[in-house]
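So this one's my_file.pdb, PDB, C-alpha atoms and all ligand atoms:
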ATOM      1  CA  MET B   1      57.649  44.507  94.976  1.00  0.00           C
ATOM      2  CA  ALA B   2      54.577  44.442  97.212  1.00  0.00           C
ATOM      3  CA  LYS B   3      53.131  41.074  98.154  1.00  0.00           C
ATOM      4  CA  THR B   4      50.039  40.093  96.153  1.00  0.00           C
ATOM      5  CA  ILE B   5      47.248  37.617  96.812  1.00  0.00           C
ATOM      6  CA  PRO B   6      45.214  35.735  94.188  1.00  0.00           C
ATOM      7  CA  ILE B   7      41.481  36.411  94.309  1.00  0.00           C
ATOM      8  CA  SER B   8      38.485  35.263  92.321  1.00  0.00           C
ATOM      9  CA  VAL B   9      35.344  37.363  92.501  1.00  0.00           C
ATOM     10  CA  THR B  10      32.101  36.958  90.584  1.00  0.00           C
ATOM     11  CA  ILE B  11      30.799  40.326  89.458  1.00  0.00           C
ATOM     12  CA  ASN B  12      27.465  40.536  87.637  1.00  0.00           C
ATOM     13  CA  ASP B  13      27.632  36.765  86.978  1.00  0.00           C
ATOM     14  CA  GLU B  14      31.118  36.945  85.494  1.00  0.00           C
ATOM     15  CA  LYS B  15      34.155  35.511  87.269  1.00  0.00           C
ATOM     16  CA  HIS B  16      37.202  37.775  87.597  1.00  0.00           C
ATOM     17  CA  THR B  17      40.557  36.508  88.859  1.00  0.00           C
ATOM     18  CA  ALA B  18      43.462  38.747  89.746  1.00  0.00           C
ATOM     19  CA  GLU B  19      46.585  39.108  91.867  1.00  0.00           C
ATOM     20  CA  VAL B  20      46.005  42.048  94.160  1.00  0.00           C
ATOM     21  CA  GLU B  21      47.796  43.799  96.977  1.00  0.00           C
ATOM     22  CA  PRO B  22      46.083  43.145 100.310  1.00  0.00           C
ATOM     23  CA  ARG B  23      45.556  46.897 100.750  1.00  0.00           C
ATOM     24  CA  LEU B  24      43.561  47.292  97.507  1.00  0.00           C
ATOM     25  CA  LEU B  25      40.065  48.572  98.253  1.00  0.00           C
ATOM     26  CA  LEU B  26      37.155  46.706  96.709  1.00  0.00           C
ATOM     27  CA  VAL B  27      35.918  49.865  94.981  1.00  0.00           C
ATOM     28  CA  HIS B  28      39.285  50.282  93.252  1.00  0.00           C
ATOM     29  CA  PHE B  29      39.257  46.631  92.200  1.00  0.00           C
ATOM     30  CA  ILE B  30      35.788  47.068  90.676  1.00  0.00           C
ATOM     31  CA  ARG B  31      36.620  50.321  88.906  1.00  0.00           C
ATOM     32  CA  GLU B  32      40.236  49.822  87.906  1.00  0.00           C
ATOM     33  CA  ASN B  33      40.789  46.075  87.538  1.00  0.00           C
ATOM     34  CA  VAL B  34      37.358  45.205  86.162  1.00  0.00           C
ATOM     35  CA  ASN B  35      36.627  48.591  84.513  1.00  0.00           C
ATOM     36  CA  LEU B  36      33.115  48.880  85.930  1.00  0.00           C
ATOM     37  CA  THR B  37      33.068  52.591  86.603  1.00  0.00           C
ATOM     38  CA  GLY B  38      29.364  52.888  87.427  1.00  0.00           C
ATOM     39  CA  THR B  39      30.349  52.340  91.057  1.00  0.00           C
ATOM     40  CA  HIS B  40      31.430  55.797  92.175  1.00  0.00           C
ATOM     41  CA  ILE B  41      33.852  57.105  94.780  1.00  0.00           C
ATOM     42  CA  GLY B  42      32.562  60.123  96.650  1.00  0.00           C
ATOM     43  CA  CYS B  43      34.477  60.181  99.892  1.00  0.00           C
ATOM     44  CA  ASP B  44      36.587  57.067 100.616  1.00  0.00           C
ATOM     45  CA  THR B  45      35.549  57.358 104.259  1.00  0.00           C
ATOM     46  CA  THR B  46      32.254  55.370 104.399  1.00  0.00           C
ATOM     47  CA  ASN B  47      30.106  58.488 104.477  1.00  0.00           C
ATOM     48  CA  CYS B  48      28.482  59.045 101.095  1.00  0.00           C
ATOM     49  CA  GLY B  49      27.335  55.615  99.839  1.00  0.00           C
ATOM     50  CA  ALA B  50      28.240  56.374  96.197  1.00  0.00           C
ATOM     51  CA  CYS B  51      30.311  53.179  96.158  1.00  0.00           C
ATOM     52  CA  THR B  52      27.494  50.871  97.328  1.00  0.00           C
ATOM     53  CA  VAL B  53      27.324  47.432  95.693  1.00  0.00           C
ATOM     54  CA  LEU B  54      25.616  44.188  96.656  1.00  0.00           C
ATOM     55  CA  LEU B  55      27.944  41.610  98.205  1.00  0.00           C
ATOM     56  CA  ASP B  56      26.168  38.251  98.370  1.00  0.00           C
ATOM     57  CA  GLY B  57      22.925  40.266  98.159  1.00  0.00           C
ATOM     58  CA  LYS B  58      23.757  42.669 100.965  1.00  0.00           C
ATOM     59  CA  ALA B  59      24.383  46.366 100.306  1.00  0.00           C
ATOM     60  CA  VAL B  60      27.941  47.294 101.304  1.00  0.00           C
ATOM     61  CA  LYS B  61      30.104  50.346 100.846  1.00  0.00           C
ATOM     62  CA  SER B  62      32.878  49.044  98.637  1.00  0.00           C
ATOM     63  CA  CYS B  63      35.342  51.707  99.833  1.00  0.00           C
ATOM     64  CA  THR B  64      35.120  50.097 103.256  1.00  0.00           C
ATOM     65  CA  LEU B  65      36.175  46.599 102.215  1.00  0.00           C
ATOM     66  CA  PHE B  66      39.386  45.245 100.788  1.00  0.00           C
ATOM     67  CA  ALA B  67      39.210  43.397  97.497  1.00  0.00           C
ATOM     68  CA  VAL B  68      40.601  40.280  99.217  1.00  0.00           C
ATOM     69  CA  GLN B  69      37.507  40.223 101.461  1.00  0.00           C
ATOM     70  CA  ALA B  70      35.379  39.623  98.361  1.00  0.00           C
ATOM     71  CA  ASN B  71      37.376  36.537  97.373  1.00  0.00           C
ATOM     72  CA  GLY B  72      35.013  33.700  96.454  1.00  0.00           C
ATOM     73  CA  ARG B  73      31.949  35.905  96.778  1.00  0.00           C
ATOM     74  CA  GLU B  74      29.326  37.411  94.461  1.00  0.00           C
ATOM     75  CA  ILE B  75      29.018  41.098  93.720  1.00  0.00           C
ATOM     76  CA  MET B  76      26.376  42.985  91.816  1.00  0.00           C
ATOM     77  CA  THR B  77      27.082  46.476  90.576  1.00  0.00           C
ATOM     78  CA  VAL B  78      24.807  48.950  88.844  1.00  0.00           C
ATOM     79  CA  GLU B  79      25.954  47.539  85.488  1.00  0.00           C
ATOM     80  CA  GLY B  80      24.337  44.213  86.423  1.00  0.00           C
ATOM     81  CA  LEU B  81      20.828  45.657  86.790  1.00  0.00           C
ATOM     82  CA  GLU B  82      19.767  45.812  83.165  1.00  0.00           C
ATOM     83  CA  GLN B  83      18.948  42.374  81.770  1.00  0.00           C
ATOM     84  CA  ASN B  84      18.579  41.603  78.052  1.00  0.00           C
ATOM     85  CA  GLY B  85      18.174  45.269  77.208  1.00  0.00           C
ATOM     86  CA  GLU B  86      15.451  45.748  79.796  1.00  0.00           C
ATOM     87  CA  LEU B  87      15.856  48.198  82.649  1.00  0.00           C
ATOM     88  CA  HIS B  88      15.459  46.906  86.192  1.00  0.00           C
ATOM     89  CA  PRO B  89      12.335  48.387  87.872  1.00  0.00           C
ATOM     90  CA  ILE B  90      14.569  50.483  90.122  1.00  0.00           C
ATOM     91  CA  GLN B  91      16.249  52.019  87.055  1.00  0.00           C
ATOM     92  CA  GLU B  92      12.856  52.602  85.511  1.00  0.00           C
ATOM     93  CA  GLY B  93      11.702  54.246  88.749  1.00  0.00           C
ATOM     94  CA  PHE B  94      14.595  56.726  88.787  1.00  0.00           C
ATOM     95  CA  TRP B  95      13.896  57.483  85.116  1.00  0.00           C
ATOM     96  CA  GLN B  96      10.144  57.927  85.474  1.00  0.00           C
ATOM     97  CA  GLU B  97      10.183  59.864  88.746  1.00  0.00           C
ATOM     98  CA  HIS B  98      13.231  62.020  87.944  1.00  0.00           C
ATOM     99  CA  GLY B  99      15.080  60.603  90.944  1.00  0.00           C
ATOM    100  CA  LEU B 100      18.364  62.210  89.970  1.00  0.00           C
ATOM    101  CA  GLN B 101      20.006  65.401  88.899  1.00  0.00           C
ATOM    102  CA  CYS B 102      23.790  65.032  88.515  1.00  0.00           C
ATOM    103  CA  GLY B 103      23.484  61.252  88.932  1.00  0.00           C
ATOM    104  CA  PHE B 104      26.589  60.836  91.067  1.00  0.00           C
ATOM    105  CA  CYS B 105      24.756  59.221  93.971  1.00  0.00           C
ATOM    106  CA  THR B 106      22.363  57.232  91.774  1.00  0.00           C
ATOM    107  CA  PRO B 107      24.180  53.887  91.389  1.00  0.00           C
ATOM    108  CA  GLY B 108      24.624  53.633  95.155  1.00  0.00           C
ATOM    109  CA  MET B 109      21.035  54.735  95.794  1.00  0.00           C
ATOM    110  CA  MET B 110      19.754  52.047  93.461  1.00  0.00           C
ATOM    111  CA  MET B 111      21.851  49.239  94.961  1.00  0.00           C
ATOM    112  CA  THR B 112      20.787  50.197  98.491  1.00  0.00           C
ATOM    113  CA  SER B 113      17.143  50.336  97.372  1.00  0.00           C
ATOM    114  CA  ILE B 114      17.358  46.883  95.832  1.00  0.00           C
ATOM    115  CA  GLU B 115      18.456  45.427  99.153  1.00  0.00           C
ATOM    116  CA  LEU B 116      15.503  47.188 100.825  1.00  0.00           C
ATOM    117  CA  LEU B 117      12.978  45.938  98.254  1.00  0.00           C
ATOM    118  CA  GLY B 118      14.314  42.385  98.674  1.00  0.00           C
ATOM    119  CA  LYS B 119      13.427  42.549 102.377  1.00  0.00           C
ATOM    120  CA  ASN B 120      10.347  44.788 102.252  1.00  0.00           C
ATOM    121  CA  SER B 121       8.101  44.699  99.179  1.00  0.00           C
ATOM    122  CA  ASP B 122       5.877  47.550 100.338  1.00  0.00           C
ATOM    123  CA  PRO B 123       8.099  50.097 102.080  1.00  0.00           C
ATOM    124  CA  THR B 124       6.663  53.261 103.569  1.00  0.00           C
ATOM    125  CA  GLU B 125       8.298  56.628 102.971  1.00  0.00           C
ATOM    126  CA  ALA B 126       9.895  56.313 106.419  1.00  0.00           C
ATOM    127  CA  ASP B 127      11.243  52.834 105.565  1.00  0.00           C
ATOM    128  CA  ILE B 128      12.801  54.170 102.367  1.00  0.00           C
ATOM    129  CA  ARG B 129      14.302  57.206 104.060  1.00  0.00           C
ATOM    130  CA  ARG B 130      15.776  54.997 106.787  1.00  0.00           C
ATOM    131  CA  ALA B 131      17.197  52.545 104.220  1.00  0.00           C
ATOM    132  CA  ILE B 132      18.918  55.275 102.185  1.00  0.00           C
ATOM    133  CA  SER B 133      20.124  57.217 105.203  1.00  0.00           C
ATOM    134  CA  GLY B 134      23.694  56.070 104.498  1.00  0.00           C
ATOM    135  CA  ASN B 135      23.535  57.391 100.934  1.00  0.00           C
ATOM    136  CA  LEU B 136      24.011  61.106 100.466  1.00  0.00           C
ATOM    137  CA  CYS B 137      22.545  63.179  97.630  1.00  0.00           C
ATOM    138  CA  ARG B 138      23.599  66.782  97.269  1.00  0.00           C
ATOM    139  CA  CYS B 139      21.117  67.604  94.504  1.00  0.00           C
ATOM    140  CA  THR B 140      17.607  66.228  94.727  1.00  0.00           C
ATOM    141  CA  GLY B 141      16.348  66.847  98.246  1.00  0.00           C
ATOM    142  CA  TYR B 142      15.463  63.108  98.307  1.00  0.00           C
ATOM    143  CA  VAL B 143      11.732  63.554  97.526  1.00  0.00           C
ATOM    144  CA  ASN B 144      11.985  62.130  94.012  1.00  0.00           C
ATOM    145  CA  ILE B 145      14.363  59.413  95.158  1.00  0.00           C
ATOM    146  CA  VAL B 146      11.683  58.195  97.569  1.00  0.00           C
ATOM    147  CA  LYS B 147       9.117  58.281  94.735  1.00  0.00           C
ATOM    148  CA  SER B 148      11.505  56.326  92.504  1.00  0.00           C
ATOM    149  CA  VAL B 149      11.836  53.550  95.068  1.00  0.00           C
ATOM    150  CA  GLN B 150       8.048  53.486  95.553  1.00  0.00           C
ATOM    151  CA  TYR B 151       7.641  53.208  91.770  1.00  0.00           C
ATOM    152  CA  ALA B 152       9.996  50.217  91.722  1.00  0.00           C
ATOM    153  CA  ALA B 153       8.162  48.573  94.624  1.00  0.00           C
ATOM    154  CA  ASN B 154       4.841  48.903  92.798  1.00  0.00           C
ATOM    155  CA  LYS B 155       6.331  47.571  89.580  1.00  0.00           C
ATOM    156  CA  LEU B 156       7.871  44.565  91.334  1.00  0.00           C
ATOM    157  CA  ASN B 157       4.583  43.857  93.127  1.00  0.00           C
ATOM    158  CA  GLU B 158       2.657  43.971  89.822  1.00  0.00           C
ATOM    159  CA  ARG B 159       5.029  41.368  88.415  1.00  0.00           C
ATOM    160  CA  SER B 160       4.708  38.927  91.318  1.00  0.00           C
TER     161      SER B 160
HETATM  162  S1  LIG W   1      33.036  56.424  98.521  1.00  0.00           S
HETATM  163 FE1  LIG W   1      32.368  54.821  99.785  1.00  0.00          FE
HETATM  164  S2  LIG W   1      31.021  55.737 101.191  1.00  0.00           S
HETATM  165 FE2  LIG W   1      31.749  57.402  99.981  1.00  0.00          FE
HETATM  166  S1  LIG W   2      21.706  63.460  92.007  1.00  0.00           S
HETATM  167 FE1  LIG W   2      23.506  64.614  92.381  1.00  0.00          FE
HETATM  168  S2  LIG W   2      24.266  63.757  94.230  1.00  0.00           S
HETATM  169 FE2  LIG W   2      22.338  62.822  93.961  1.00  0.00          FE
END
Could you spell out this file's structure in structure tokens?
Amino acid sequence: MAKTIPISVTINDEKHTAEVEPRLLLVHFIRENVNLTGTHIGCDTTNCGACTVLLDGKAVKSCTLFAVQANGREIMTVEGLEQNGELHPIQEGFWQEHGLQCGFCTPGMMMTSIELLGKNSDPTEADIRRAISGNLCRCTGYVNIVKSVQYAANKLNERS
């Protein structure tokens, strides 16, 4: 039997403990152990960004980390965005500006955008395009994704 290691990871404010093999990728832990399948797998090779989550507030590609590297840390996935039945402004932005077609890239796009908006409350189109340059979308042509992020920035600024 393969050696396992105990880990404890907080995901969307809920603590999850498990015994995992050291080789288990974080994205597989999130999807298979914790059953949060909103985090997608598009490539497994750090190219597409579909697996992006926030790790201690920083956007990371969860196919590029092992689950054991998240031990003791905090993760937010797309499922953690909605609060008390209310969409997060970034979700609202993608809805209002039609920032998706098939939706496969969308969870990763949103998590990457949240990191950007945390650092830059008024991003230009160039800032947004640079921030999402590690997230690939095969459908939209990116124009509406940029508008979605701008919508969220405006909404967050109205609130503050
Ligand atoms: S699945 Fe992680 S970058 Fe594509
Ligand atoms: S909406 Fe289909 S990959 Fe982006």
Using all atoms listed in the file, what table do you get, as JSON lines, when you list each residue of chain B with an atom no more than 9 Å from ligand LIG 2 (chain W), its nearest pair of atoms, and their distance in Å rounded to one decimal, rows by chain then rising number?
{"residue": "B:Ala50", "atom": "CA", "partner": "W:LIG2", "partner_atom": "S2", "distance": 8.6}
{"residue": "B:Gly99", "atom": "CA", "partner": "W:LIG2", "partner_atom": "S1", "distance": 7.3}
{"residue": "B:Leu100", "atom": "CA", "partner": "W:LIG2", "partner_atom": "S1", "distance": 4.1}
{"residue": "B:Gln101", "atom": "CA", "partner": "W:LIG2", "partner_atom": "S1", "distance": 4.0}
{"residue": "B:Cys102", "atom": "CA", "partner": "W:LIG2", "partner_atom": "FE1", "distance": 3.9}
{"residue": "B:Gly103", "atom": "CA", "partner": "W:LIG2", "partner_atom": "S1", "distance": 4.2}
{"residue": "B:Phe104", "atom": "CA", "partner": "W:LIG2", "partner_atom": "S2", "distance": 4.9}
{"residue": "B:Cys105", "atom": "CA", "partner": "W:LIG2", "partner_atom": "FE2", "distance": 4.3}
{"residue": "B:Thr106", "atom": "CA", "partner": "W:LIG2", "partner_atom": "FE2", "distance": 6.0}
{"residue": "B:Met109", "atom": "CA", "partner": "W:LIG2", "partner_atom": "FE2", "distance": 8.4}
{"residue": "B:Asn135", "atom": "CA", "partner": "W:LIG2", "partner_atom": "FE2", "distance": 8.9}
{"residue": "B:Leu136", "atom": "CA", "partner": "W:LIG2", "partner_atom": "S2", "distance": 6.8}
{"residue": "B:Cys137", "atom": "CA", "partner": "W:LIG2", "partner_atom": "FE2", "distance": 3.7}
{"residue": "B:Arg138", "atom": "CA", "partner": "W:LIG2", "partner_atom": "S2", "distance": 4.3}
{"residue": "B:Cys139", "atom": "CA", "partner": "W:LIG2", "partner_atom": "FE1", "distance": 4.4}
{"residue": "B:Thr140", "atom": "CA", "partner": "W:LIG2", "partner_atom": "S1", "distance": 5.6}
{"residue": "B:Gly141", "atom": "CA", "partner": "W:LIG2", "partner_atom": "FE2", "distance": 8.4}
{"residue": "B:Tyr142", "atom": "CA", "partner": "W:LIG2", "partner_atom": "FE2", "distance": 8.1}
{"residue": "B:Ile145", "atom": "CA", "partner": "W:LIG2", "partner_atom": "FE2", "distance": 8.8}
On this structure, which residues satisfy the PyMOL selection byres (((chain B and resi 16) around 12) and not hetatm), written as a list in words?
Pro6, Ile7, Ser8, Val9, Thr10, Ile11, Asn12, Asp13, Glu14, Lys15, Thr17, Ala18, Glu19, Val20, Phe29, Ile30, Asn33, Val34, Asn35, Leu36, Ala67, Ala70, Asn71, Gly72, Arg73, Glu74 and Ile75 of chain B
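Between Gly57 (chain B) and the candidates B:Gly134, B:Pro22, B:Gly118, B:Pro123, the tightest atom-to-atom separation, counting all atoms listed in the file, involves B:Gly118.
If you measure from each of B:Val143, B:Met76, B:Leu87, B:Ile114 to Ala126 (chain B) using all atoms listed in the file, the closest one turns out to be B:Val143.
For the pair CA of Val60 (chain B) and CA of Ala2 (chain B), the separation is 27.1 Å.
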Here's the selection I'm unsure about, the PyMOL selection byres (((not hetatm)) within 7 of (chain W and resi 1)); applied to the file above, which residues does it give, as a short mmCIF file (atom, residue, chain, number, x, y, z; two decimals) with C-alpha atoms, keeping the file's coordinate frame?
data_model
loop_
_atom_site.label_atom_id
_atom_site.label_comp_id
_atom_site.auth_asym_id
_atom_site.auth_seq_id
_atom_site.Cartn_x
_atom_site.Cartn_y
_atom_site.Cartn_z
CA HIS B 40 31.43 55.80 92.18
CA ILE B 41 33.85 57.10 94.78
CA GLY B 42 32.56 60.12 96.65
CA CYS B 43 34.48 60.18 99.89
CA ASP B 44 36.59 57.07 100.62
CA THR B 45 35.55 57.36 104.26
CA THR B 46 32.25 55.37 104.40
CA ASN B 47 30.11 58.49 104.48
CA CYS B 48 28.48 59.04 101.10
CA GLY B 49 27.34 55.62 99.84
CA ALA B 50 28.24 56.37 96.20
CA CYS B 51 30.31 53.18 96.16
CA THR B 52 27.49 50.87 97.33
CA LYS B 61 30.10 50.35 100.85
CA SER B 62 32.88 49.04 98.64
CA CYS B 63 35.34 51.71 99.83
CA THR B 64 35.12 50.10 103.26
#
Grab all the atoms of region 139-152 of chain B that the file lists, wrap them in a box along x, y and z, add 5 Å per side, and give me centre plus edge lengths in Å (one decimal) as JSON.
{"center_x": 14.4, "center_y": 58.9, "center_z": 95.0, "size_x": 23.5, "size_y": 27.4, "size_z": 16.6}
Kindly resolve the PyMOL selection byres (((chain B and resi 117) around 10) and not hetatm) on the present coordinates and return the residues as a ChimeraX atom specification.
/B:90,112-116,118-123,128,131,149-150,152-153,156
Those residues you just picked out, can you put them in a file as a PDB file, in the coordinates of the input with C-alpha atoms?
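Output below, filename result-v2.pdb:
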ATOM      1  CA  ILE B  90      14.569  50.483  90.122  1.00  0.00           C
ATOM      2  CA  THR B 112      20.787  50.197  98.491  1.00  0.00           C
ATOM      3  CA  SER B 113      17.143  50.336  97.372  1.00  0.00           C
ATOM      4  CA  ILE B 114      17.358  46.883  95.832  1.00  0.00           C
ATOM      5  CA  GLU B 115      18.456  45.427  99.153  1.00  0.00           C
ATOM      6  CA  LEU B 116      15.503  47.188 100.825  1.00  0.00           C
ATOM      7  CA  GLY B 118      14.314  42.385  98.674  1.00  0.00           C
ATOM      8  CA  LYS B 119      13.427  42.549 102.377  1.00  0.00           C
ATOM      9  CA  ASN B 120      10.347  44.788 102.252  1.00  0.00           C
ATOM     10  CA  SER B 121       8.101  44.699  99.179  1.00  0.00           C
ATOM     11  CA  ASP B 122       5.877  47.550 100.338  1.00  0.00           C
ATOM     12  CA  PRO B 123       8.099  50.097 102.080  1.00  0.00           C
ATOM     13  CA  ILE B 128      12.801  54.170 102.367  1.00  0.00           C
ATOM     14  CA  ALA B 131      17.197  52.545 104.220  1.00  0.00           C
ATOM     15  CA  VAL B 149      11.836  53.550  95.068  1.00  0.00           C
ATOM     16  CA  GLN B 150       8.048  53.486  95.553  1.00  0.00           C
ATOM     17  CA  ALA B 152       9.996  50.217  91.722  1.00  0.00           C
ATOM     18  CA  ALA B 153       8.162  48.573  94.624  1.00  0.00           C
ATOM     19  CA  LEU B 156       7.871  44.565  91.334  1.00  0.00           C
TER      20      LEU B 156
END
Rank B:Pro89, B:Ser133, B:Phe66, B:Leu25 by their smallest atom-to-atom distance to Arg159 (chain B), using only C-alpha atoms, and report the top residue only.
B:Pro89
Polymer residues at most 8 Å from Ser148 (chain B), only C-alpha atoms, same-chain spacing of 5 or more positions, as a PyMOL selection string:
chain B and resi 90+93-99
Which residue out of B:Glu92, B:Pro107, B:Ile5, B:Lys58 has the minimum interatomic distance to Glu79 (chain B) when all atoms listed in the file are used?
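Closest residue, counting all atoms listed in the file: B:Pro107.
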Quick test: take region 148-157 of chain B, keep all heavy atoms, and write it as a CSV table (one decimal), in the first residue's frame.
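Result file out16.csv:
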chain,number,residue,atom,x,y,z
B,148,SER,N,-16.7,41.6,-18.4
B,148,SER,CA,-17.2,41.0,-17.1
B,148,SER,C,-16.4,41.5,-15.9
B,148,SER,O,-16.9,41.8,-14.8
B,148,SER,CB,-17.2,39.5,-17.2
B,148,SER,OG,-17.9,39.1,-18.3
B,149,VAL,N,-15.1,41.5,-16.1
B,149,VAL,CA,-14.2,41.9,-15.0
B,149,VAL,C,-14.4,43.4,-14.7
B,149,VAL,O,-14.4,43.8,-13.6
B,149,VAL,CB,-12.7,41.5,-15.4
B,149,VAL,CG1,-11.8,41.9,-14.2
B,149,VAL,CG2,-12.6,40.0,-15.6
B,150,GLN,N,-14.5,44.2,-15.8
B,150,GLN,CA,-14.8,45.6,-15.6
B,150,GLN,C,-16.1,45.8,-14.8
B,150,GLN,O,-16.2,46.7,-14.0
B,150,GLN,CB,-14.8,46.3,-16.9
B,150,GLN,CG,-13.4,46.5,-17.5
B,150,GLN,CD,-13.3,46.9,-19.0
B,150,GLN,OE1,-14.3,46.7,-19.7
B,150,GLN,NE2,-12.3,47.6,-19.4
B,151,TYR,N,-17.1,45.1,-15.2
B,151,TYR,CA,-18.4,45.2,-14.5
B,151,TYR,C,-18.2,44.9,-13.0
B,151,TYR,O,-18.7,45.6,-12.1
B,151,TYR,CB,-19.3,44.1,-15.1
B,151,TYR,CG,-20.7,44.1,-14.4
B,151,TYR,CD1,-21.8,44.7,-15.1
B,151,TYR,CD2,-20.9,43.5,-13.2
B,151,TYR,CE1,-23.1,44.7,-14.5
B,151,TYR,CE2,-22.1,43.5,-12.6
B,151,TYR,CZ,-23.2,44.1,-13.2
B,151,TYR,OH,-24.5,44.1,-12.6
B,152,ALA,N,-17.4,43.8,-12.7
B,152,ALA,CA,-17.2,43.5,-11.3
B,152,ALA,C,-16.4,44.6,-10.6
B,152,ALA,O,-16.7,44.9,-9.4
B,152,ALA,CB,-16.4,42.2,-11.2
B,153,ALA,N,-15.4,45.2,-11.2
B,153,ALA,CA,-14.6,46.2,-10.6
B,153,ALA,C,-15.5,47.4,-10.3
B,153,ALA,O,-15.5,48.0,-9.2
B,153,ALA,CB,-13.5,46.7,-11.6
B,154,ASN,N,-16.4,47.8,-11.2
B,154,ASN,CA,-17.3,48.9,-11.0
B,154,ASN,C,-18.3,48.6,-9.8
B,154,ASN,O,-18.5,49.4,-8.9
B,154,ASN,CB,-18.2,49.2,-12.2
B,154,ASN,CG,-17.3,49.8,-13.3
B,154,ASN,OD1,-16.2,50.4,-13.1
B,154,ASN,ND2,-17.7,49.7,-14.6
B,155,LYS,N,-18.8,47.4,-9.8
B,155,LYS,CA,-19.7,47.0,-8.7
B,155,LYS,C,-19.0,47.0,-7.4
B,155,LYS,O,-19.6,47.5,-6.4
B,155,LYS,CB,-20.1,45.6,-9.0
B,155,LYS,CG,-21.3,45.1,-8.2
B,155,LYS,CD,-22.6,45.4,-8.9
B,155,LYS,CE,-23.7,45.2,-8.0
B,155,LYS,NZ,-25.0,45.3,-8.6
B,156,LEU,N,-17.8,46.5,-7.3
B,156,LEU,CA,-17.0,46.5,-6.0
B,156,LEU,C,-16.7,47.9,-5.6
B,156,LEU,O,-16.8,48.3,-4.4
B,156,LEU,CB,-15.8,45.7,-6.2
B,156,LEU,CG,-16.0,44.2,-6.2
B,156,LEU,CD1,-14.7,43.5,-6.8
B,156,LEU,CD2,-16.4,43.6,-4.9
B,157,ASN,N,-16.4,48.8,-6.6
B,157,ASN,CA,-16.1,50.2,-6.2
B,157,ASN,C,-17.4,50.9,-5.7
B,157,ASN,O,-17.3,51.8,-4.8
B,157,ASN,CB,-15.5,50.9,-7.4
B,157,ASN,CG,-14.1,50.5,-7.7
B,157,ASN,OD1,-13.4,50.0,-6.8
B,157,ASN,ND2,-13.7,50.5,-8.9
